[in-house]
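Colleague: Handing you this structure, nothing more for now.
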There are 2 protein chains.
Amino acid sequence: LMFGIGAVMPAKKTKDSLWGWPAVPAPCRDPCADHTPSAPLSRALTMVNETQHTCSASSSSRSDGGSSSGSESSKDNSRCSTPVLDADRHERLRDKMRRRQDAGDKWFSLEFFPPRTANAAVNLISRFDRMGAGGPLFIDVTWHPAGDPGSDKETSSMIIANTAVNYCGLETILHMTCCNQTKDDITGHLQKAKRLGLKNIMALRGDPAGEEWEEEVDGFNYAVDLVKHIRNEFDDYFDICVAGYPKGHPEAESYEADLRHLKEKVFAGADFVITQLFFRPETFLKFMKDCQAIGITCPIIPGIFPIQGYHSLRQLVKLSKLEVPQEIKDVIEPIKDNDAAIRNYGVELAVSMCRELLDSGMVHGLHFYTLNREVATTEVLKRLGLWKEDPRRPLPWAVSAHPKRRVEDVRPIFWASRPKSYIYRTQEWDDFPNGRWGNSSSPAFGELKDYYLFYLKSKSPREELLKMWGEELTCEESVFEVFTCYITGEPNRNGYKVTCMPWNDDPLATETNLLKDQLEKVNRRGILTINSQPNINGKPSTDPIVGWGPSGGYVFQKAYLEFFTSSEIVTALLKVLKKYELRVNYHIVNVKGQNITNAPDLQPNAVTWGIFPGREIIQPTVVDPVSFLSWKDEAFALWIEQWAKLYEEESPSRMIIQYIHDNYYLVNLVDNDFPLENCLWQVVEDTFELLNSPTQQ
Amino acid sequence: LMFGIGAVMPAKKTKDSLWGWPAVPAPCRDPCADHTPSAPLSRALTMVNETQHTCSASSSSRSDGGSSSGSESSKDNSRCSTPVLDADRHERLRDKMRRRQDAGDKWFSLEFFPPRTANAAVNLISRFDRMGAGGPLFIDVTWHPAGDPGSDKETSSMIIANTAVNYCGLETILHMTCCNQTKDDITGHLQKAKRLGLKNIMALRGDPAGEEWEEEVDGFNYAVDLVKHIRNEFDDYFDICVAGYPKGHPEAESYEADLRHLKEKVFAGADFVITQLFFRPETFLKFMKDCQAIGITCPIIPGIFPIQGYHSLRQLVKLSKLEVPQEIKDVIEPIKDNDAAIRNYGVELAVSMCRELLDSGMVHGLHFYTLNREVATTEVLKRLGLWKEDPRRPLPWAVSAHPKRRVEDVRPIFWASRPKSYIYRTQEWDDFPNGRWGNSSSPAFGELKDYYLFYLKSKSPREELLKMWGEELTCEESVFEVFTCYITGEPNRNGYKVTCMPWNDDPLATETNLLKDQLEKVNRRGILTINSQPNINGKPSTDPIVGWGPSGGYVFQKAYLEFFTSSEIVTALLKVLKKYELRVNYHIVNVKGQNITNAPDLQPNAVTWGIFPGREIIQPTVVDPVSFLSWKDEAFALWIEQWAKLYEEESPSRMIIQYIHDNYYLVNLVDNDFPLENCLWQVVEDTFELLNSPTQQ
């Protein structure tokens, strides 16, 4: 999942600034660059910081000048460990925004509202993942006072924002309104947001409850009161956004009075402004100039509303008390029943308005009101060239956006296809293993009892799963077939493609595709693979399939294979593995926790690592014996929770899955000799050969 | 420096136990090994530990059964970080001893006494380094009450033992006598020993001061009192050794009474026994059996005294009140003036006695009274096959034996040739960077003001240094010549070989020899190299030149080059380096601390790392920008302290060195593209080309 990284940077610039390399390394680098050869070096050096121990620090690429952010970020860095691979990961939103602006990189952001039902929440999370891939600088989630927005319900604003940050890795702004609420309520919401890892608040007044609304003395009457409250109670912890009204707030005495209100909000501590939607670029540009004229200097981001349908437009206009310009009405009214036509027009209109805004030189970022829909906004972004699916990854797995978690730089390989579950089960960790697992330091994993938490749930409904995995299973071999179809992508005997498995909600990864033929062969014979990676001996870090991290580096992998299999196969496998001692490390465990391994002590085995210019070594993926036993619980439980429970109790199908759950082993194998050809296929081949040899059977 | 590791292990066994691999991996591994194929796996698995999270721990290779040691060692391991590469490094002496015994590996140890003069101390330290290379399990340092043994004098027992542990990396026993001393004195000595990192005490009575000695009530009258005191005051912190007298202590009422005294000492808490010297193997074997008969079960190590000369034998016999057997006297008396003949006889005698002891099956280790001499003991050990110069290294640099420091697993490359100075300057560190430097965590380096500390001093006296480095320098080029001669090994213009430099007290390392031709070329032209390593792209960890760490692994290096050079060359070099951005990281600093670098932030650059079966990645050597500035102070100061001060003040020679010190730059270069051919020579070549091109000069 790529987001907020290099979205719209030109290639060369991206390469430098993406990874915290000093793009223009300031005083410390190349003092002679501007000197003729005859210029004495001593003069050149007068530009150089002479203080010991701080020289390079002062040559940092940070050009944002945000002093408070600087200290926050250096505090993060002082964890004695994590190499700073990616400045972005350590910056707060306002600094990212400023850095993009200074670098001349254009960006976009996306607004969503909380869903009404749990199923809609599952869909919205998938949408976050898909739209996150285009690289928004942030998303924001609106606050619906009527929907119990601060609660723990899976549809509350708070929980949706939490999910976006922690499980989708998106920089997120949570809206919050203040009118008709007590100070304690608001402080409670803010504390909860902070606890969940939210760092950004959009401070709004909200709609008064009744018609007869009057100001409360010492109450929260305006957004500015909320801004002040946040700054009073939480100091500089949150980045605060406020709303701007290009046409003036409908309830303001005048446009000018509204500008003064905005200035008050900014001077009370807001970091940037997002505007209400508008229909003409000149509306925004005038507003922007007026703001600057009265001394508002923070970023002002235009809110873009691609018209997606007649009714949604009418509703929005009604709510916002805006008037649709006649030239737009003229186009829309005649085609009001043709959704596609309206959407096409909306896209056209948005693209042309956005182009004008960007061309003005006054606009660096665009904020999209998505109405929780994907197509129109994505289309606009693609046509603007702002949608950037960056194949480069800072680490081999998607980094969480939680301010504490973003320093995380090592994970067990087992959860490679279930990152949300990993985050869920480690959410209580005070600290993340910093580049090292160290056997005794692995904190306990939380239990995973509720497989129906909406952010852990399969995207596919029960009926679809039954079609993929079989309405009726007749024997263990029918299970082998499901695994095989998932690997090959071929339809199963009923003509359905198997696009997900209990251990992997998505189709096979590109990297795994490299192993497709071998995987197919072994799954057919009852080696039911759920995770694997090929060995890599020093490919460039920019490799489109296996690359990750800063450019100029080299990435490595040890071959890995993880599968369920029967005890008969395990017995033969163990005999075979004796021939591969030292070369192959294995862990073999059944549901009861009976565990066979040749791993030395309880040490993790690094299976993915990268070597980069001027850095320490990064080893983001390990096979960790301790966490394997936590993973084992989850991996076995998924047979029952996701698969067996599709069938009636006591039904043969359910009993087959139950039998596998009770009797199979979960096996993982690592080939330590990464420079040689992967020997794990030979291990499996030898095992089948042994099983078939007449003397052994 | 190799010591205490695999000294006498047979090849295969060594490979397994050296690195903490489970040699015989106990319950967890290969449950089917002893089962026919038809044996059900479930039965095989009943042998398997079913408890979660502890299975692999119980399969550890530790067969010593020492429970107290187990807890000590696991405490060390709980530092959340350091991969346990080498069980030996984490064990206390008594456990190492027991592990060797259980594995059937024979070992030896060496006894030294403190020197009388500072010069003798420098020589003794060199001897520690040389004899340490043969792999003693430990050395011990005797306690001379008359010589202020607990003081800070460089010749005191305490400081010599401290040097052996901390600077030579040798497991060390400090002797301590107790008679005629107050409880406070003794406690003070023990506290100091603990503070310095000493873990083992040989508890002795010592010789009473006067003839009229009488027991003091509640005083320290016998060694057993000291043993009890150590256990009372320091619990199980120290390993305690006591002396055994194969012929009975000369002052004991009887042989049997003396055996009872020994049993008392052991039961009071001694961990093992070293015996007084003896002349016939049967003397020891009888003593050993008698000890066992009365219930002394701890290890008893025979003290071996190779006769090295007539006078030393007579003196020792007088002191120990032993009688030399007639058959030995008969041989020695006729040749008493022929030192070589006596030594040869002594070696013969010792070898034959040691063989008999080892062949008895009752003896696992031999303790040698060296009299601070090298030749005889080394000869005996080589003939016995116990002297093992193991080319394998646990890490690329020698590990300190300090109980805290032994977990250290990363160092800056700068001190590669000055490890004792690095240890000295980091001796106050509470903690060692554990696998990571992390920019802001680097603790401050102690200053290095006293270059004459005996363990930092050059082994060569002033006259020799003058012959090597020039009685008279005439220009900068005569300095270039010294560097060139050191690299080539050719004699200088006065016919002397240059075998050391201020930055390196030893001849060129084997690894550096790989770069000899290139180094010679650049030194001739004023690139005065003091440190370098070739790039290595995945050589086996057993490679005799660049290998380190457990077998089955792969080691890597980035090419490194460090040198002093003039500002003219630096100016050209900086222009050239622009062509190598990203690929080459550089730090360039002068004595005033003016610092030019393209290193990202203050991050360390890993330049040596290893990938091993079943382990996390080890990155033992880094180029760390912060510590480089501490190294710079030392590297520049060595010009003055070691070289300039050889000459009269105001002399031209001294002024030339002073000029270089004041005006040259210290440069380090890292080629990040380790899989490609080292580009650093090309960088230097390009620099000279630029300097020679007519348009530039």
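Letters A, B, ... go to the chains of the structure tokens in the order shown; residues in each chain start at 1; ligands are counted from 1 in the same order.
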Excluding B:Lys183 and any residue of its chain fewer than 3 positions from it, enumerate the residues within 8 Å of it, using only C-alpha atoms, and give them as number ranges by chain.
Modeller: B: 186-187, 219-220
Colleague: Output the selection as a PDB file, in the first residue's frame - N, CA and C atoms for each residue.
Modeller:
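Contents of result07.pdb, as written:
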```
ATOM      1  N   ILE B 186      40.328  -6.620  52.095  1.00  0.00           N
ATOM      2  CA  ILE B 186      39.981  -7.700  51.180  1.00  0.00           C
ATOM      3  C   ILE B 186      38.708  -7.374  50.408  1.00  0.00           C
ATOM      4  N   THR B 187      37.720  -6.887  51.151  1.00  0.00           N
ATOM      5  CA  THR B 187      36.482  -6.511  50.469  1.00  0.00           C
ATOM      6  C   THR B 187      36.752  -5.429  49.421  1.00  0.00           C
ATOM      7  N   GLY B 219      39.920 -13.560  62.141  1.00  0.00           N
ATOM      8  CA  GLY B 219      40.715 -13.017  61.040  1.00  0.00           C
ATOM      9  C   GLY B 219      40.734 -13.983  59.873  1.00  0.00           C
ATOM     10  N   PHE B 220      41.523 -13.637  58.872  1.00  0.00           N
ATOM     11  CA  PHE B 220      41.680 -14.518  57.727  1.00  0.00           C
ATOM     12  C   PHE B 220      42.935 -15.351  57.943  1.00  0.00           C
TER      13      PHE B 220
END
```
Colleague: Taking only residues of stretch 503-608 of chain A that have an atom at most 12 Å from an atom of stretch 641-644 of chain A, what is each one's shortest atom pair and its distance in Å to one decimal, using only C-alpha atoms, in chain and number order, as JSON lines?
Modeller:
```
{"residue": "A:Trp503", "atom": "CA", "partner": "A:Gln642", "partner_atom": "CA", "distance": 9.0}
{"residue": "A:Asn504", "atom": "CA", "partner": "A:Gln642", "partner_atom": "CA", "distance": 11.1}
{"residue": "A:Asp505", "atom": "CA", "partner": "A:Gln642", "partner_atom": "CA", "distance": 10.9}
```
Colleague: Those selected residues, please, written with N, CA and C atoms and delivered as a PDB file, in the first residue's frame.
Modeller:
```
ATOM      1  N   TRP A 503      -6.304 -17.722   4.744  1.00  0.00           N
ATOM      2  CA  TRP A 503      -5.049 -17.113   5.196  1.00  0.00           C
ATOM      3  C   TRP A 503      -4.621 -15.943   4.320  1.00  0.00           C
ATOM      4  N   ASN A 504      -5.400 -15.673   3.311  1.00  0.00           N
ATOM      5  CA  ASN A 504      -5.019 -14.623   2.374  1.00  0.00           C
ATOM      6  C   ASN A 504      -6.258 -14.134   1.639  1.00  0.00           C
ATOM      7  N   ASP A 505      -6.672 -12.904   1.958  1.00  0.00           N
ATOM      8  CA  ASP A 505      -7.907 -12.385   1.406  1.00  0.00           C
ATOM      9  C   ASP A 505      -7.740 -11.832  -0.008  1.00  0.00           C
TER      10      ASP A 505
END
```
Colleague: Pick the closest to A:Tyr586 from A:Leu473, A:Ile342, A:Val667, A:Leu638: which is it, counting only C-alpha atoms?
Modeller: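 Under the stated criterion, the closest residue is A:Val667.
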Colleague: Looking only at the backbone, which of the residues in stretch 425-605 of chain A does DSSP tag as strand (DSSP E or B), as a compact mmCIF listing (two decimals) with N, CA and C atoms, in the first residue's frame?
Modeller:
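So the final result, stored in selection_17.txt, reads:
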```txt
# COMPACT_ATOMS: atom_id res chain seq x y z
N PRO A 491 -10.26 -21.90 -12.81
CA PRO A 491 -11.54 -22.11 -12.12
C PRO A 491 -11.60 -23.51 -11.49
N LYS A 497 -13.48 -19.18 -9.89
CA LYS A 497 -12.09 -18.92 -9.55
C LYS A 497 -11.95 -18.75 -8.03
N MET A 501 -8.25 -17.08 0.20
CA MET A 501 -8.18 -18.25 1.08
C MET A 501 -8.30 -17.73 2.51
N ASN A 504 -5.40 -15.67 3.31
CA ASN A 504 -5.02 -14.62 2.37
C ASN A 504 -6.26 -14.13 1.64
N LEU A 528 -0.05 -28.04 1.61
CA LEU A 528 -1.00 -26.95 1.41
C LEU A 528 -0.35 -25.63 1.81
N THR A 529 0.20 -24.95 0.81
CA THR A 529 1.03 -23.78 1.09
C THR A 529 0.18 -22.55 1.42
N ILE A 530 0.64 -21.81 2.43
CA ILE A 530 -0.06 -20.56 2.76
C ILE A 530 0.86 -19.34 2.73
N ASN A 531 2.16 -19.56 2.53
CA ASN A 531 3.07 -18.42 2.52
C ASN A 531 4.39 -18.89 1.92
N SER A 532 5.00 -18.05 1.12
CA SER A 532 6.29 -18.43 0.54
C SER A 532 6.97 -17.22 -0.05
N GLN A 533 8.28 -17.30 -0.14
CA GLN A 533 9.02 -16.28 -0.89
C GLN A 533 10.23 -16.92 -1.51
N ILE A 536 16.54 -14.40 -2.88
CA ILE A 536 17.01 -13.27 -3.69
C ILE A 536 18.42 -12.97 -3.22
N ASN A 537 19.35 -12.97 -4.12
CA ASN A 537 20.74 -12.71 -3.75
C ASN A 537 21.19 -11.37 -4.31
N GLY A 538 20.73 -10.30 -3.64
CA GLY A 538 21.23 -8.97 -4.04
C GLY A 538 20.65 -8.42 -5.31
N LYS A 539 19.32 -8.24 -5.36
CA LYS A 539 18.75 -7.49 -6.48
C LYS A 539 18.71 -6.01 -6.12
N PRO A 540 18.72 -5.13 -7.14
CA PRO A 540 18.65 -3.70 -6.83
C PRO A 540 17.38 -3.38 -6.04
N TYR A 554 20.62 -2.78 -2.21
CA TYR A 554 20.46 -4.15 -2.66
C TYR A 554 19.59 -4.91 -1.66
N VAL A 555 18.65 -5.70 -2.18
CA VAL A 555 17.80 -6.47 -1.28
C VAL A 555 18.08 -7.97 -1.43
N PHE A 556 17.86 -8.65 -0.33
CA PHE A 556 18.16 -10.09 -0.23
C PHE A 556 16.99 -10.80 0.44
N GLN A 557 16.84 -12.08 0.12
CA GLN A 557 15.85 -12.91 0.80
C GLN A 557 16.39 -14.33 0.92
N ALA A 559 14.93 -18.17 0.89
CA ALA A 559 13.71 -18.83 0.43
C ALA A 559 12.91 -19.31 1.64
N TYR A 560 11.60 -19.14 1.55
CA TYR A 560 10.72 -19.50 2.66
C TYR A 560 9.52 -20.26 2.12
N LEU A 561 9.08 -21.26 2.85
CA LEU A 561 7.90 -22.02 2.46
C LEU A 561 7.15 -22.40 3.72
N GLU A 562 5.83 -22.12 3.73
CA GLU A 562 5.03 -22.46 4.91
C GLU A 562 3.78 -23.19 4.43
N PHE A 563 3.46 -24.30 5.07
CA PHE A 563 2.33 -25.09 4.59
C PHE A 563 1.75 -25.95 5.72
N PHE A 564 0.51 -26.35 5.51
CA PHE A 564 -0.10 -27.39 6.33
C PHE A 564 0.12 -28.72 5.62
N THR A 565 0.32 -29.77 6.40
CA THR A 565 0.39 -31.08 5.78
C THR A 565 0.14 -32.18 6.81
N VAL A 584 18.87 -25.94 6.11
CA VAL A 584 17.43 -25.63 6.24
C VAL A 584 17.03 -25.57 7.71
N ASN A 585 16.43 -24.47 8.11
CA ASN A 585 15.82 -24.39 9.44
C ASN A 585 14.33 -24.67 9.31
N TYR A 586 13.81 -25.43 10.28
CA TYR A 586 12.39 -25.76 10.21
C TYR A 586 11.72 -25.60 11.57
N HIS A 587 10.43 -25.29 11.51
CA HIS A 587 9.54 -25.33 12.67
C HIS A 587 8.32 -26.12 12.23
N ILE A 588 7.96 -27.12 12.99
CA ILE A 588 6.82 -27.97 12.65
C ILE A 588 5.96 -28.08 13.89
N VAL A 589 4.70 -27.69 13.78
CA VAL A 589 3.87 -27.63 14.98
C VAL A 589 2.45 -28.09 14.65
N ASN A 590 1.80 -28.75 15.59
CA ASN A 590 0.39 -29.07 15.37
C ASN A 590 -0.49 -28.19 16.25
N ASN A 595 5.82 -29.25 19.01
CA ASN A 595 6.68 -28.39 18.21
C ASN A 595 8.03 -29.05 17.96
N ILE A 596 8.41 -29.17 16.70
CA ILE A 596 9.69 -29.78 16.35
C ILE A 596 10.49 -28.74 15.57
N THR A 597 11.71 -28.49 16.01
CA THR A 597 12.49 -27.46 15.33
C THR A 597 13.97 -27.74 15.45
N ASN A 605 15.33 -15.75 12.71
CA ASN A 605 16.13 -15.93 11.50
C ASN A 605 15.71 -14.82 10.52
```
Colleague: What parts of stretch 472-571 of chain A does DSSP call alpha helix (DSSP H)? I'd like the answer as a PyMOL selection string.
Modeller: chain A and resi 476-488+510-513+516-524+567-571
Colleague: Could those selected residues go to a file with C-alpha atoms, as a PDB file, in the first residue's frame?
Modeller:
```
ATOM      1  CA  GLU A 476      -9.035 -34.244   1.981  1.00  0.00           C
ATOM      2  CA  GLU A 477      -8.173 -34.183  -1.729  1.00  0.00           C
ATOM      3  CA  SER A 478     -11.060 -31.825  -2.425  1.00  0.00           C
ATOM      4  CA  VAL A 479      -9.331 -29.429  -0.044  1.00  0.00           C
ATOM      5  CA  PHE A 480      -6.045 -29.896  -1.923  1.00  0.00           C
ATOM      6  CA  GLU A 481      -7.913 -28.856  -5.062  1.00  0.00           C
ATOM      7  CA  VAL A 482      -9.034 -25.579  -3.527  1.00  0.00           C
ATOM      8  CA  PHE A 483      -5.458 -24.703  -2.639  1.00  0.00           C
ATOM      9  CA  THR A 484      -4.306 -25.684  -6.126  1.00  0.00           C
ATOM     10  CA  CYS A 485      -6.949 -23.548  -7.839  1.00  0.00           C
ATOM     11  CA  TYR A 486      -5.991 -20.571  -5.709  1.00  0.00           C
ATOM     12  CA  ILE A 487      -2.368 -20.956  -6.854  1.00  0.00           C
ATOM     13  CA  THR A 488      -3.075 -21.547 -10.535  1.00  0.00           C
ATOM     14  CA  THR A 510       3.324 -10.950  -7.781  1.00  0.00           C
ATOM     15  CA  GLU A 511       6.339 -12.269  -5.953  1.00  0.00           C
ATOM     16  CA  THR A 512       4.615 -15.544  -5.103  1.00  0.00           C
ATOM     17  CA  ASN A 513       3.693 -15.865  -8.759  1.00  0.00           C
ATOM     18  CA  LYS A 516       3.622 -20.665  -9.147  1.00  0.00           C
ATOM     19  CA  ASP A 517       4.601 -23.846 -10.978  1.00  0.00           C
ATOM     20  CA  GLN A 518       6.334 -25.426  -8.022  1.00  0.00           C
ATOM     21  CA  LEU A 519       3.563 -24.347  -5.672  1.00  0.00           C
ATOM     22  CA  GLU A 520       0.934 -25.924  -7.897  1.00  0.00           C
ATOM     23  CA  LYS A 521       2.823 -29.207  -7.976  1.00  0.00           C
ATOM     24  CA  VAL A 522       3.164 -29.541  -4.231  1.00  0.00           C
ATOM     25  CA  ASN A 523      -0.367 -28.376  -3.368  1.00  0.00           C
ATOM     26  CA  ARG A 524      -1.802 -31.087  -5.605  1.00  0.00           C
ATOM     27  CA  SER A 567       1.502 -36.330   9.828  1.00  0.00           C
ATOM     28  CA  GLU A 568       2.535 -38.996   7.290  1.00  0.00           C
ATOM     29  CA  ILE A 569       4.217 -36.373   5.165  1.00  0.00           C
ATOM     30  CA  VAL A 570       5.789 -34.770   8.245  1.00  0.00           C
ATOM     31  CA  THR A 571       7.309 -38.105   9.273  1.00  0.00           C
TER      32      THR A 571
END
```
Colleague: So how far away is atom CA of A:Asp624 from atom CA of B:Ile618, in Å?
Modeller: 16.0 Å
